[in-house]
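Source file: input_11.cif. Holds: mmCIF, C-alpha atoms.
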```cif
data_protein
#
loop_
_atom_site.label_atom_id
_atom_site.label_comp_id
_atom_site.auth_asym_id
_atom_site.auth_seq_id
_atom_site.Cartn_x
_atom_site.Cartn_y
_atom_site.Cartn_z
CA MET A 89 26.10 162.72 23.72
CA ARG A 90 22.53 163.59 24.69
CA PHE A 91 21.29 160.56 22.75
CA ALA A 92 23.69 158.33 24.68
CA TRP A 93 22.34 159.67 28.00
CA LEU A 94 18.78 159.12 26.80
CA ALA A 95 19.55 155.56 25.72
CA GLY A 96 21.18 154.83 29.07
CA ALA A 97 18.20 156.21 30.99
CA ALA A 98 15.84 154.14 28.85
CA LEU A 99 17.84 150.99 29.54
CA MET A 100 17.82 151.73 33.27
CA LEU A 101 14.06 152.28 33.14
CA ALA A 102 13.52 148.91 31.46
CA GLY A 103 15.86 147.17 33.91
CA PHE A 104 14.25 148.69 37.01
CA LEU A 105 10.76 147.80 35.75
CA ALA A 106 11.87 144.22 35.10
CA LEU A 107 13.38 143.92 38.58
CA GLY A 108 10.26 145.37 40.19
CA CYS A 109 8.01 142.91 38.33
CA TRP A 110 10.33 140.05 39.33
CA GLN A 111 10.05 141.05 42.99
CA LEU A 112 6.26 141.09 42.70
CA TRP A 113 6.46 137.55 41.32
CA ARG A 114 8.72 136.59 44.23
CA LEU A 115 6.24 138.15 46.64
CA GLN A 116 3.42 136.00 45.31
CA TRP A 117 5.65 132.92 45.44
CA LYS A 118 6.61 133.65 49.06
CA LEU A 119 2.97 134.19 50.09
CA ASP A 120 2.02 130.89 48.46
CA LEU A 121 4.90 129.16 50.28
CA ILE A 122 3.85 130.60 53.64
CA GLY A 123 0.30 129.49 52.99
CA ARG A 124 1.39 125.94 52.11
CA VAL A 125 3.64 125.67 55.17
CA ASN A 126 0.91 126.93 57.51
CA GLN A 127 -1.43 124.35 56.04
CA ARG A 128 1.13 121.56 56.55
CA VAL A 129 1.94 122.31 60.18
CA HIS A 130 -1.74 122.36 61.16
CA ALA A 131 -2.78 119.31 59.15
CA ALA A 132 -3.31 115.82 60.52
CA PRO A 133 0.03 113.97 60.74
CA VAL A 134 1.02 111.49 58.06
CA PRO A 135 3.50 108.59 58.38
CA ALA A 136 7.14 109.61 58.18
CA PRO A 137 8.48 109.13 54.63
CA GLY A 138 10.25 105.82 54.14
CA PRO A 139 13.39 105.01 52.13
CA SER A 140 11.58 104.92 48.79
CA LEU A 141 10.60 108.58 49.22
CA TRP A 142 13.90 109.89 50.59
CA PRO A 143 15.43 110.83 47.21
CA HIS A 144 12.36 112.90 46.32
CA LEU A 145 12.13 115.07 49.45
CA THR A 146 12.50 118.81 48.84
CA ALA A 147 12.13 121.95 50.92
CA THR A 148 9.39 123.22 48.63
CA THR A 149 7.14 120.17 48.89
CA ASP A 150 8.03 118.59 52.25
CA GLU A 151 9.61 121.03 54.73
CA TYR A 152 7.43 121.38 57.87
CA LEU A 153 5.13 118.55 56.80
CA ARG A 154 3.55 117.21 59.99
CA ILE A 155 4.59 113.58 60.36
CA THR A 156 4.48 110.80 62.93
CA ALA A 157 6.97 108.01 63.56
CA ALA A 158 7.11 105.05 65.95
CA GLY A 159 10.14 103.13 67.15
CA ASN A 160 12.57 102.47 69.97
CA TRP A 161 15.02 105.04 71.29
CA LEU A 162 18.78 104.63 70.89
CA PRO A 163 19.71 106.98 73.75
CA ASN A 164 23.41 106.07 73.78
CA PHE A 165 23.80 107.93 70.51
CA SER A 166 22.14 111.21 71.47
CA THR A 167 23.75 114.39 70.16
CA ARG A 168 23.60 117.91 71.56
CA VAL A 169 23.48 120.76 69.05
CA GLN A 170 24.03 124.28 70.32
CA ALA A 171 20.89 126.40 70.21
CA SER A 172 19.52 129.74 71.29
CA THR A 173 15.76 129.79 71.91
CA GLU A 174 13.10 131.60 73.89
CA GLN A 175 14.11 129.27 76.74
CA GLY A 176 17.64 130.65 76.69
CA THR A 177 20.98 129.30 75.51
CA GLY A 178 21.55 125.57 75.50
CA PHE A 179 21.20 122.64 73.14
CA TRP A 180 18.83 120.76 70.90
CA LEU A 181 18.83 117.12 71.99
CA LEU A 182 18.80 114.77 68.99
CA THR A 183 18.22 111.08 69.66
CA PRO A 184 17.99 108.32 67.02
CA LEU A 185 14.72 106.43 66.79
CA CYS A 186 15.04 102.84 65.58
CA ARG A 187 12.01 102.12 63.41
CA PRO A 188 10.44 98.68 62.83
CA ASP A 189 11.74 98.54 59.25
CA GLY A 190 15.35 98.89 60.48
CA THR A 191 15.76 102.53 59.44
CA ILE A 192 16.75 105.31 61.80
CA LEU A 193 15.12 108.71 62.17
CA LEU A 194 16.80 111.46 64.16
CA ILE A 195 14.37 113.11 66.57
CA ASN A 196 14.96 116.62 67.82
CA ARG A 197 13.37 115.98 71.19
CA GLY A 198 13.63 119.64 72.11
CA PHE A 199 15.67 122.17 74.05
CA VAL A 200 17.79 121.39 77.10
CA PRO A 201 19.60 124.13 79.07
CA ALA A 202 23.38 124.22 79.22
CA ARG A 203 25.04 122.47 82.14
CA PRO A 204 28.65 122.55 83.38
CA GLY A 205 30.83 120.61 80.94
CA ASP A 206 28.36 120.72 78.07
CA TYR A 207 30.57 123.08 76.07
CA ASN A 208 33.48 120.62 76.19
CA PRO A 209 31.75 117.29 75.53
CA ALA A 210 33.52 114.01 74.93
CA ALA A 211 33.96 112.63 71.45
CA PRO A 212 30.96 110.68 70.15
CA SER A 213 30.68 107.01 70.97
CA ARG A 214 31.30 104.57 68.14
CA ALA A 215 28.31 102.37 67.52
CA GLN A 216 28.59 99.25 65.43
CA PRO A 217 27.23 99.66 61.92
CA ASN A 218 23.64 98.58 61.39
CA SER A 219 22.84 99.18 65.05
CA CYS A 220 19.11 99.32 64.26
CA LEU A 221 17.65 95.97 63.26
CA PRO A 222 14.15 95.34 61.91
CA HIS A 223 11.75 94.38 64.67
CA ALA A 224 8.07 93.88 65.33
CA ALA A 225 6.04 97.04 65.78
CA GLY A 226 4.09 97.72 68.94
CA GLY A 227 6.62 96.52 71.50
CA PRO A 228 6.53 97.68 75.13
CA ASP A 229 9.38 100.16 74.62
CA GLU A 230 8.00 101.66 71.44
CA THR A 231 7.49 105.43 71.34
CA THR A 232 5.41 107.45 68.90
CA ILE A 233 6.59 110.94 68.04
CA THR A 234 4.76 113.64 66.08
CA GLY A 235 6.07 116.89 64.70
CA PRO A 236 7.18 118.78 61.58
CA LEU A 237 9.63 117.27 59.11
CA ARG A 238 12.86 119.26 58.89
CA LEU A 239 15.56 118.80 56.27
CA SER A 240 19.20 118.40 57.21
CA GLU A 241 21.28 121.49 58.00
CA PRO A 242 24.70 120.74 56.48
CA ARG A 243 28.12 121.92 57.63
CA GLY A 244 27.29 124.19 60.57
CA SER A 245 26.20 127.69 61.41
CA VAL A 246 27.07 130.88 59.54
CA VAL A 247 30.25 131.47 61.53
CA ARG A 248 31.14 128.02 62.95
CA TYR A 249 31.54 124.63 61.34
CA ASN A 250 30.50 121.37 62.96
CA ASP A 251 33.39 119.43 64.50
CA ALA A 252 32.49 115.75 64.80
CA ALA A 253 35.86 114.85 66.34
CA THR A 254 35.16 116.94 69.44
CA SER A 255 31.37 116.56 69.26
CA ARG A 256 30.80 120.25 68.78
CA TRP A 257 27.66 120.70 66.73
CA TYR A 258 26.24 124.00 65.57
CA SER A 259 23.64 122.72 63.13
CA ARG A 260 21.49 119.63 62.81
CA ASP A 261 23.52 117.96 60.06
CA VAL A 262 21.89 114.55 59.74
CA ASP A 263 24.60 112.93 57.59
CA ALA A 264 27.46 114.16 59.77
CA ILE A 265 25.77 113.15 63.03
CA ALA A 266 24.92 109.71 61.65
CA GLY A 267 28.48 109.30 60.41
CA ALA A 268 29.93 110.29 63.79
CA HIS A 269 27.99 107.44 65.41
CA ARG A 270 28.36 105.06 62.46
CA LEU A 271 24.61 104.75 62.14
CA ARG A 272 23.29 103.23 58.93
CA ARG A 273 20.07 103.66 56.97
CA VAL A 274 19.38 107.06 58.48
CA ALA A 275 16.61 109.22 57.01
CA PRO A 276 17.93 112.41 55.35
CA TYR A 277 15.68 114.54 57.53
CA PHE A 278 14.86 114.88 61.20
CA LEU A 279 11.64 115.37 63.15
CA ASP A 280 11.07 118.30 65.50
CA ALA A 281 9.11 116.79 68.39
CA GLU A 282 5.99 118.62 69.46
CA ALA A 283 5.61 119.96 72.98
CA ASP A 284 3.89 116.91 74.46
CA ALA A 285 5.70 114.27 72.44
CA ASP A 286 8.55 113.42 74.82
CA ALA A 287 7.11 113.22 78.33
CA ALA A 288 9.05 110.00 79.04
CA SER A 289 12.73 110.69 78.36
CA PRO A 290 14.97 107.65 77.78
CA ASP A 291 18.14 109.07 79.33
CA GLY A 292 16.95 111.26 82.20
CA ALA A 293 16.92 114.55 80.27
CA HIS A 294 13.66 116.46 79.91
CA PRO A 295 13.87 118.47 76.72
CA VAL A 296 11.31 121.13 75.92
CA GLY A 297 9.68 120.33 72.58
CA GLY A 298 7.42 122.41 70.40
CA LEU A 299 9.89 125.26 69.90
CA THR A 300 10.05 125.08 66.12
CA VAL A 301 10.23 128.60 64.72
CA ILE A 302 8.50 128.94 61.37
CA SER A 303 9.58 132.24 59.91
CA PHE A 304 10.19 133.41 56.36
CA ARG A 305 11.78 136.70 55.40
CA ASN A 306 9.36 138.52 53.15
CA ASN A 307 10.78 141.87 52.04
CA HIS A 308 9.80 141.46 48.40
CA LEU A 309 7.18 144.23 48.46
CA VAL A 310 9.76 146.69 49.82
CA TYR A 311 12.23 145.62 47.15
CA ALA A 312 9.56 145.95 44.43
CA LEU A 313 8.63 149.47 45.55
CA THR A 314 12.31 150.41 45.61
CA TRP A 315 12.85 149.21 42.04
CA PHE A 316 9.69 150.94 40.83
CA ALA A 317 10.79 154.18 42.53
CA LEU A 318 14.11 153.94 40.69
CA ALA A 319 12.20 153.25 37.48
CA LEU A 320 10.15 156.39 38.09
CA MET A 321 13.34 158.40 38.52
CA ALA A 322 14.72 156.91 35.29
CA ALA A 323 11.47 157.77 33.51
CA GLY A 324 11.77 161.32 34.80
CA ALA A 325 15.31 161.52 33.45
CA CYS A 326 14.09 160.31 30.04
CA LEU A 327 11.34 162.90 30.08
CA LEU A 328 13.72 165.74 30.95
CA LEU A 329 16.21 164.74 28.27
CA THR A 330 13.48 164.44 25.65
CA ARG A 331 11.83 167.69 26.71
CA ASP A 332 15.13 169.56 26.60
CA LYS A 333 15.84 168.17 23.14
CA TRP A 334 12.48 169.30 21.75
CA THR A 335 12.77 172.68 23.49
CA ARG A 336 16.12 173.25 21.81
CA ARG A 337 14.70 172.20 18.41
CA ASP A 338 11.72 174.56 18.77
CA GLY A 339 14.07 177.41 19.64
CA GLU A 340 16.25 176.76 16.62
CA SER A 341 13.22 176.62 14.27
CA LYS A 342 12.19 180.12 15.36
#
```
Would you put the structure from the file into structure tokens?
Amino acid sequence: MRFAWLAGAALMLAGFLALGCWQLWRLQWKLDLIGRVNQRVHAAPVPAPGPSLWPHLTATTDEYLRITAAGNWLPNFSTRVQASTEQGTGFWLLTPLCRPDGTILLINRGFVPARPGDYNPAAPSRAQPNSCLPHAAGGPDETTITGPLRLSEPRGSVVRYNDAATSRWYSRDVDAIAGAHRLRRVAPYFLDAEADADAASPDGAHPVGGLTVISFRNNHLVYALTWFALALMAAGACLLLTRDKWTRRDGESK
């Protein structure tokens, strides 16, 4: 029986040590990720990825990459997504940007406060497919927007699902929003407009940009210390069991 307890304590010791080392590896990975993201958001903007790059976009390599895009607004197809920010409770205002190559990029133009009726909006309008046609760049109505690249947020929030039929949106789900308006050739990401990127609003709203929150939970060091503390306790148990065994053997030999 004592051997079984000793074997169990030894297995627990090995397991706790392995988990602690894994958390240290996760800590280094998280610190590297934070460093890469901070470098991206402060770097010079690059052109927004085109269709050839869409299948290769990942959170690890592209999230929060600072990009710039030019095109014409499609304000009739704006979507309000419920949000809670430092400005209060309201909505993110997402408006499609029709790019010269005929693709569409959703722009999160920023935060707008809630107004009467906003919580019971009408169903989304039905645009004709292919509503964005290729056009010459540099036209008089062209707008250039800069900000971090954000990947789509599917389905909804933790407790509420998006409802396209009633235009109730709780997350910035690019595919669902594009489908609700029958927009085609829509990029699988959206752009969070910077604070000064939307001074001229196409539909009379004045959203507050630049409210992107870049935050990563990083509790890996706490987890690692917890696992190592448990490993120390398991090591102590092994030591006590072994010491008691040898004490008993010495007593019997006398």
Check what the PyMOL selection byres ((chain A and resi 118) around 12) selects in the file above and give those residues as a compact mmCIF listing (two decimals) with C-alpha atoms, keeping the file's coordinate frame.
```txt
# COMPACT_ATOMS: atom_id res chain seq x y z
CA GLN A 111 10.05 141.05 42.99
CA LEU A 112 6.26 141.09 42.70
CA TRP A 113 6.46 137.55 41.32
CA ARG A 114 8.72 136.59 44.23
CA LEU A 115 6.24 138.15 46.64
CA GLN A 116 3.42 136.00 45.31
CA TRP A 117 5.65 132.92 45.44
CA LEU A 119 2.97 134.19 50.09
CA ASP A 120 2.02 130.89 48.46
CA LEU A 121 4.90 129.16 50.28
CA ILE A 122 3.85 130.60 53.64
CA GLY A 123 0.30 129.49 52.99
CA ARG A 124 1.39 125.94 52.11
CA VAL A 125 3.64 125.67 55.17
CA THR A 148 9.39 123.22 48.63
CA SER A 303 9.58 132.24 59.91
CA PHE A 304 10.19 133.41 56.36
CA ARG A 305 11.78 136.70 55.40
CA ASN A 306 9.36 138.52 53.15
CA ASN A 307 10.78 141.87 52.04
CA HIS A 308 9.80 141.46 48.40
CA LEU A 309 7.18 144.23 48.46
```
query: Do you know which residues are at most 9 Å from stretch 192-201 of chain A counting all atoms listed in the file, after dropping those on the same chain fewer than 5 positions away, and could you put them as an NGL selection string?
result: :A and (136 or 157 or 159 or 168 or 171-173 or 175-187 or 220 or 233 or 260 or 262 or 266 or 271-283 or 285-286 or 289 or 293-300)
Based on the selection just made, write C-alpha atoms of those residues as an mmCIF file, in the coordinates of the input.
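What landed in again29.cif:
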```cif
data_model
loop_
_atom_site.group_PDB
_atom_site.id
_atom_site.type_symbol
_atom_site.label_atom_id
_atom_site.label_comp_id
_atom_site.auth_asym_id
_atom_site.auth_seq_id
_atom_site.Cartn_x
_atom_site.Cartn_y
_atom_site.Cartn_z
ATOM 1 C CA ALA A 136 7.140 109.610 58.180
ATOM 2 C CA ALA A 157 6.970 108.010 63.560
ATOM 3 C CA GLY A 159 10.140 103.130 67.150
ATOM 4 C CA ARG A 168 23.600 117.910 71.560
ATOM 5 C CA ALA A 171 20.890 126.400 70.210
ATOM 6 C CA SER A 172 19.520 129.740 71.290
ATOM 7 C CA THR A 173 15.760 129.790 71.910
ATOM 8 C CA GLN A 175 14.110 129.270 76.740
ATOM 9 C CA GLY A 176 17.640 130.650 76.690
ATOM 10 C CA THR A 177 20.980 129.300 75.510
ATOM 11 C CA GLY A 178 21.550 125.570 75.500
ATOM 12 C CA PHE A 179 21.200 122.640 73.140
ATOM 13 C CA TRP A 180 18.830 120.760 70.900
ATOM 14 C CA LEU A 181 18.830 117.120 71.990
ATOM 15 C CA LEU A 182 18.800 114.770 68.990
ATOM 16 C CA THR A 183 18.220 111.080 69.660
ATOM 17 C CA PRO A 184 17.990 108.320 67.020
ATOM 18 C CA LEU A 185 14.720 106.430 66.790
ATOM 19 C CA CYS A 186 15.040 102.840 65.580
ATOM 20 C CA ARG A 187 12.010 102.120 63.410
ATOM 21 C CA CYS A 220 19.110 99.320 64.260
ATOM 22 C CA ILE A 233 6.590 110.940 68.040
ATOM 23 C CA ARG A 260 21.490 119.630 62.810
ATOM 24 C CA VAL A 262 21.890 114.550 59.740
ATOM 25 C CA ALA A 266 24.920 109.710 61.650
ATOM 26 C CA LEU A 271 24.610 104.750 62.140
ATOM 27 C CA ARG A 272 23.290 103.230 58.930
ATOM 28 C CA ARG A 273 20.070 103.660 56.970
ATOM 29 C CA VAL A 274 19.380 107.060 58.480
ATOM 30 C CA ALA A 275 16.610 109.220 57.010
ATOM 31 C CA PRO A 276 17.930 112.410 55.350
ATOM 32 C CA TYR A 277 15.680 114.540 57.530
ATOM 33 C CA PHE A 278 14.860 114.880 61.200
ATOM 34 C CA LEU A 279 11.640 115.370 63.150
ATOM 35 C CA ASP A 280 11.070 118.300 65.500
ATOM 36 C CA ALA A 281 9.110 116.790 68.390
ATOM 37 C CA GLU A 282 5.990 118.620 69.460
ATOM 38 C CA ALA A 283 5.610 119.960 72.980
ATOM 39 C CA ALA A 285 5.700 114.270 72.440
ATOM 40 C CA ASP A 286 8.550 113.420 74.820
ATOM 41 C CA SER A 289 12.730 110.690 78.360
ATOM 42 C CA ALA A 293 16.920 114.550 80.270
ATOM 43 C CA HIS A 294 13.660 116.460 79.910
ATOM 44 C CA PRO A 295 13.870 118.470 76.720
ATOM 45 C CA VAL A 296 11.310 121.130 75.920
ATOM 46 C CA GLY A 297 9.680 120.330 72.580
ATOM 47 C CA GLY A 298 7.420 122.410 70.400
ATOM 48 C CA LEU A 299 9.890 125.260 69.900
ATOM 49 C CA THR A 300 10.050 125.080 66.120
#
```
task: Enter the distance from atom CA of A:Trp257 to atom CA of A:Val169, in Å, rounded to one decimal.
output: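 These two atoms are separated by 4.8 Å.
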message: Nearest residue to A:Leu327 out of A:Glu230, A:Ala98, A:Thr254, A:Leu153, using all atoms listed in the file?
response: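 For A:Leu327, the nearest of the given residues is A:Ala98.
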message: Rounded to one decimal, what separation in Å do you get between atom CA of A:Ala95 and atom CA of A:Ala323?
response: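 Computing it gives 11.4 Å between the two atoms.
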message: Need the shell around stretch 249-252 of chain A: protein/DNA/RNA residues with any atom at most 10 Å away, counting only C-alpha atoms. Skip same-chain ones fewer than 3 positions apart. Format as a list in words?
response: Val169, Ala211, Pro212, Pro242, Arg243, Gly244, Ser245, Val246, Ser255, Arg256, Trp257, Tyr258, Ser259, Arg260, Asp261, Ala264, Ile265, Gly267, Ala268 and His269 of chain A
field: From A:Leu145, A:Ala158, A:Val247, A:Leu313, residue lying nearest A:Gly227 [only C-alpha atoms]
entry: A:Ala158
field: Hits from the PyMOL selection byres ((chain A and resi 128) around 10), listed as a list of chain:residue names
entry: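 On this input, the PyMOL selection byres ((chain A and resi 128) around 10) captures A:Ile122, A:Gly123, A:Arg124, A:Val125, A:Asn126, A:Gln127, A:Val129, A:His130, A:Ala131, A:Ala132, A:Pro133, A:Thr149, A:Asp150, A:Glu151, A:Tyr152, A:Leu153, A:Arg154, A:Ile155, A:Pro236, A:Leu237.
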message: One decimal, in Å: what's the spacing between atom CA of A:Arg238 and atom CA of A:Tyr311?
response: 28.9 Å
Among the residues A:Leu105, A:Gly226, A:Ala202, A:Leu239, the one that comes closest to A:Pro188 [using all atoms listed in the file]: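 Among A:Leu105, A:Gly226, A:Ala202, A:Leu239, it is A:Gly226 that comes nearest to A:Pro188.
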Among the residues A:Val310, A:Leu162, A:Ala147, A:Ala253, the one that comes closest to A:Thr231 [using all atoms listed in the file]: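 Checking each of A:Val310, A:Leu162, A:Ala147, A:Ala253 against A:Thr231, counting all atoms listed in the file, the winner is A:Leu162.
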message: For the PyMOL selection byres ((chain A and resi 222) around 6), applied here, can you spell out every residue it catches as a ChimeraX atom specification?
response: /A:188-190,221,223
Please reconstruct the missing atoms of stretch 113-124 of chain A (target: all heavy atoms) and return them as a PDB file, keeping the file's coordinate frame.
```
ATOM      1  N   TRP A 113       6.623 138.996  41.511  1.00  0.00           N
ATOM      2  CA  TRP A 113       6.460 137.550  41.320  1.00  0.00           C
ATOM      3  C   TRP A 113       6.987 136.787  42.519  1.00  0.00           C
ATOM      4  O   TRP A 113       6.361 135.829  42.993  1.00  0.00           O
ATOM      5  CB  TRP A 113       7.197 137.107  40.054  1.00  0.00           C
ATOM      6  CG  TRP A 113       7.107 135.629  39.813  1.00  0.00           C
ATOM      7  CD1 TRP A 113       6.114 134.949  39.185  1.00  0.00           C
ATOM      8  CD2 TRP A 113       8.063 134.645  40.223  1.00  0.00           C
ATOM      9  NE1 TRP A 113       6.382 133.604  39.176  1.00  0.00           N
ATOM     10  CE2 TRP A 113       7.580 133.385  39.810  1.00  0.00           C
ATOM     11  CE3 TRP A 113       9.291 134.710  40.895  1.00  0.00           C
ATOM     12  CZ2 TRP A 113       8.276 132.201  40.046  1.00  0.00           C
ATOM     13  CZ3 TRP A 113       9.983 133.523  41.134  1.00  0.00           C
ATOM     14  CH2 TRP A 113       9.479 132.305  40.716  1.00  0.00           C
ATOM     15  N   ARG A 114       8.160 137.220  43.038  1.00  0.00           N
ATOM     16  CA  ARG A 114       8.720 136.590  44.230  1.00  0.00           C
ATOM     17  C   ARG A 114       7.819 136.767  45.442  1.00  0.00           C
ATOM     18  O   ARG A 114       7.697 135.870  46.279  1.00  0.00           O
ATOM     19  CB  ARG A 114      10.099 137.192  44.528  1.00  0.00           C
ATOM     20  CG  ARG A 114      11.175 136.818  43.525  1.00  0.00           C
ATOM     21  CD  ARG A 114      11.718 135.442  43.774  1.00  0.00           C
ATOM     22  NE  ARG A 114      12.408 135.370  45.055  1.00  0.00           N
ATOM     23  CZ  ARG A 114      12.844 134.235  45.601  1.00  0.00           C
ATOM     24  NH1 ARG A 114      12.630 133.092  44.974  1.00  0.00           N
ATOM     25  NH2 ARG A 114      13.474 134.242  46.749  1.00  0.00           N
ATOM     26  N   LEU A 115       7.171 137.914  45.542  1.00  0.00           N
ATOM     27  CA  LEU A 115       6.240 138.150  46.640  1.00  0.00           C
ATOM     28  C   LEU A 115       5.084 137.156  46.595  1.00  0.00           C
ATOM     29  O   LEU A 115       4.723 136.570  47.626  1.00  0.00           O
ATOM     30  CB  LEU A 115       5.699 139.585  46.559  1.00  0.00           C
ATOM     31  CG  LEU A 115       4.563 139.936  47.534  1.00  0.00           C
ATOM     32  CD1 LEU A 115       5.047 139.848  48.972  1.00  0.00           C
ATOM     33  CD2 LEU A 115       4.020 141.331  47.228  1.00  0.00           C
ATOM     34  N   GLN A 116       4.524 136.950  45.426  1.00  0.00           N
ATOM     35  CA  GLN A 116       3.420 136.000  45.310  1.00  0.00           C
ATOM     36  C   GLN A 116       3.890 134.584  45.613  1.00  0.00           C
ATOM     37  O   GLN A 116       3.192 133.811  46.284  1.00  0.00           O
ATOM     38  CB  GLN A 116       2.830 136.057  43.884  1.00  0.00           C
ATOM     39  CG  GLN A 116       1.565 135.227  43.713  1.00  0.00           C
ATOM     40  CD  GLN A 116       0.469 135.634  44.669  1.00  0.00           C
ATOM     41  OE1 GLN A 116       0.137 136.814  44.778  1.00  0.00           O
ATOM     42  NE2 GLN A 116      -0.097 134.672  45.388  1.00  0.00           N
ATOM     43  N   TRP A 117       5.093 134.238  45.148  1.00  0.00           N
ATOM     44  CA  TRP A 117       5.650 132.920  45.440  1.00  0.00           C
ATOM     45  C   TRP A 117       5.845 132.732  46.940  1.00  0.00           C
ATOM     46  O   TRP A 117       5.533 131.673  47.488  1.00  0.00           O
ATOM     47  CB  TRP A 117       6.990 132.771  44.711  1.00  0.00           C
ATOM     48  CG  TRP A 117       7.727 131.505  45.067  1.00  0.00           C
ATOM     49  CD1 TRP A 117       7.551 130.262  44.543  1.00  0.00           C
ATOM     50  CD2 TRP A 117       8.751 131.384  46.068  1.00  0.00           C
ATOM     51  NE1 TRP A 117       8.408 129.374  45.139  1.00  0.00           N
ATOM     52  CE2 TRP A 117       9.152 130.030  46.082  1.00  0.00           C
ATOM     53  CE3 TRP A 117       9.370 132.278  46.942  1.00  0.00           C
ATOM     54  CZ2 TRP A 117      10.147 129.557  46.942  1.00  0.00           C
ATOM     55  CZ3 TRP A 117      10.349 131.805  47.799  1.00  0.00           C
ATOM     56  CH2 TRP A 117      10.730 130.469  47.788  1.00  0.00           C
ATOM     57  N   LYS A 118       6.369 133.750  47.619  1.00  0.00           N
ATOM     58  CA  LYS A 118       6.610 133.650  49.060  1.00  0.00           C
ATOM     59  C   LYS A 118       5.293 133.530  49.822  1.00  0.00           C
ATOM     60  O   LYS A 118       5.189 132.747  50.774  1.00  0.00           O
ATOM     61  CB  LYS A 118       7.408 134.864  49.536  1.00  0.00           C
ATOM     62  CG  LYS A 118       7.818 134.834  50.995  1.00  0.00           C
ATOM     63  CD  LYS A 118       8.730 133.676  51.310  1.00  0.00           C
ATOM     64  CE  LYS A 118      10.088 133.810  50.674  1.00  0.00           C
ATOM     65  NZ  LYS A 118      10.919 134.905  51.152  1.00  0.00           N
ATOM     66  N   LEU A 119       4.275 134.286  49.420  1.00  0.00           N
ATOM     67  CA  LEU A 119       2.970 134.190  50.090  1.00  0.00           C
ATOM     68  C   LEU A 119       2.367 132.808  49.893  1.00  0.00           C
ATOM     69  O   LEU A 119       1.766 132.252  50.824  1.00  0.00           O
ATOM     70  CB  LEU A 119       2.034 135.277  49.555  1.00  0.00           C
ATOM     71  CG  LEU A 119       2.407 136.719  49.907  1.00  0.00           C
ATOM     72  CD1 LEU A 119       1.447 137.696  49.230  1.00  0.00           C
ATOM     73  CD2 LEU A 119       2.387 136.936  51.425  1.00  0.00           C
ATOM     74  N   ASP A 120       2.515 132.250  48.703  1.00  0.00           N
ATOM     75  CA  ASP A 120       2.020 130.890  48.460  1.00  0.00           C
ATOM     76  C   ASP A 120       2.770 129.882  49.328  1.00  0.00           C
ATOM     77  O   ASP A 120       2.167 128.957  49.884  1.00  0.00           O
ATOM     78  CB  ASP A 120       2.169 130.524  46.984  1.00  0.00           C
ATOM     79  CG  ASP A 120       1.217 131.294  46.096  1.00  0.00           C
ATOM     80  OD1 ASP A 120       0.226 131.839  46.627  1.00  0.00           O
ATOM     81  OD2 ASP A 120       1.459 131.359  44.876  1.00  0.00           O
ATOM     82  N   LEU A 121       4.103 130.057  49.447  1.00  0.00           N
ATOM     83  CA  LEU A 121       4.900 129.160  50.280  1.00  0.00           C
ATOM     84  C   LEU A 121       4.468 129.226  51.733  1.00  0.00           C
ATOM     85  O   LEU A 121       4.295 128.196  52.394  1.00  0.00           O
ATOM     86  CB  LEU A 121       6.382 129.522  50.147  1.00  0.00           C
ATOM     87  CG  LEU A 121       7.346 128.760  51.064  1.00  0.00           C
ATOM     88  CD1 LEU A 121       7.329 127.276  50.751  1.00  0.00           C
ATOM     89  CD2 LEU A 121       8.758 129.332  50.951  1.00  0.00           C
ATOM     90  N   ILE A 122       4.281 130.440  52.244  1.00  0.00           N
ATOM     91  CA  ILE A 122       3.850 130.600  53.640  1.00  0.00           C
ATOM     92  C   ILE A 122       2.499 129.945  53.853  1.00  0.00           C
ATOM     93  O   ILE A 122       2.260 129.278  54.869  1.00  0.00           O
ATOM     94  CB  ILE A 122       3.813 132.096  54.007  1.00  0.00           C
ATOM     95  CG1 ILE A 122       5.236 132.670  54.001  1.00  0.00           C
ATOM     96  CG2 ILE A 122       3.160 132.306  55.366  1.00  0.00           C
ATOM     97  CD1 ILE A 122       5.286 134.177  54.166  1.00  0.00           C
ATOM     98  N   GLY A 123       1.604 130.104  52.883  1.00  0.00           N
ATOM     99  CA  GLY A 123       0.300 129.490  52.990  1.00  0.00           C
ATOM    100  C   GLY A 123       0.380 127.967  53.017  1.00  0.00           C
ATOM    101  O   GLY A 123      -0.304 127.303  53.812  1.00  0.00           O
ATOM    102  N   ARG A 124       1.240 127.390  52.150  1.00  0.00           N
ATOM    103  CA  ARG A 124       1.390 125.940  52.110  1.00  0.00           C
ATOM    104  C   ARG A 124       1.986 125.414  53.410  1.00  0.00           C
ATOM    105  O   ARG A 124       1.541 124.383  53.943  1.00  0.00           O
ATOM    106  CB  ARG A 124       2.267 125.532  50.935  1.00  0.00           C
ATOM    107  CG  ARG A 124       1.630 125.723  49.567  1.00  0.00           C
ATOM    108  CD  ARG A 124       2.387 124.949  48.498  1.00  0.00           C
ATOM    109  NE  ARG A 124       3.782 125.309  48.430  1.00  0.00           N
ATOM    110  CZ  ARG A 124       4.268 126.285  47.670  1.00  0.00           C
ATOM    111  NH1 ARG A 124       3.450 127.011  46.908  1.00  0.00           N
ATOM    112  NH2 ARG A 124       5.561 126.554  47.651  1.00  0.00           N
TER     113      ARG A 124
END
```
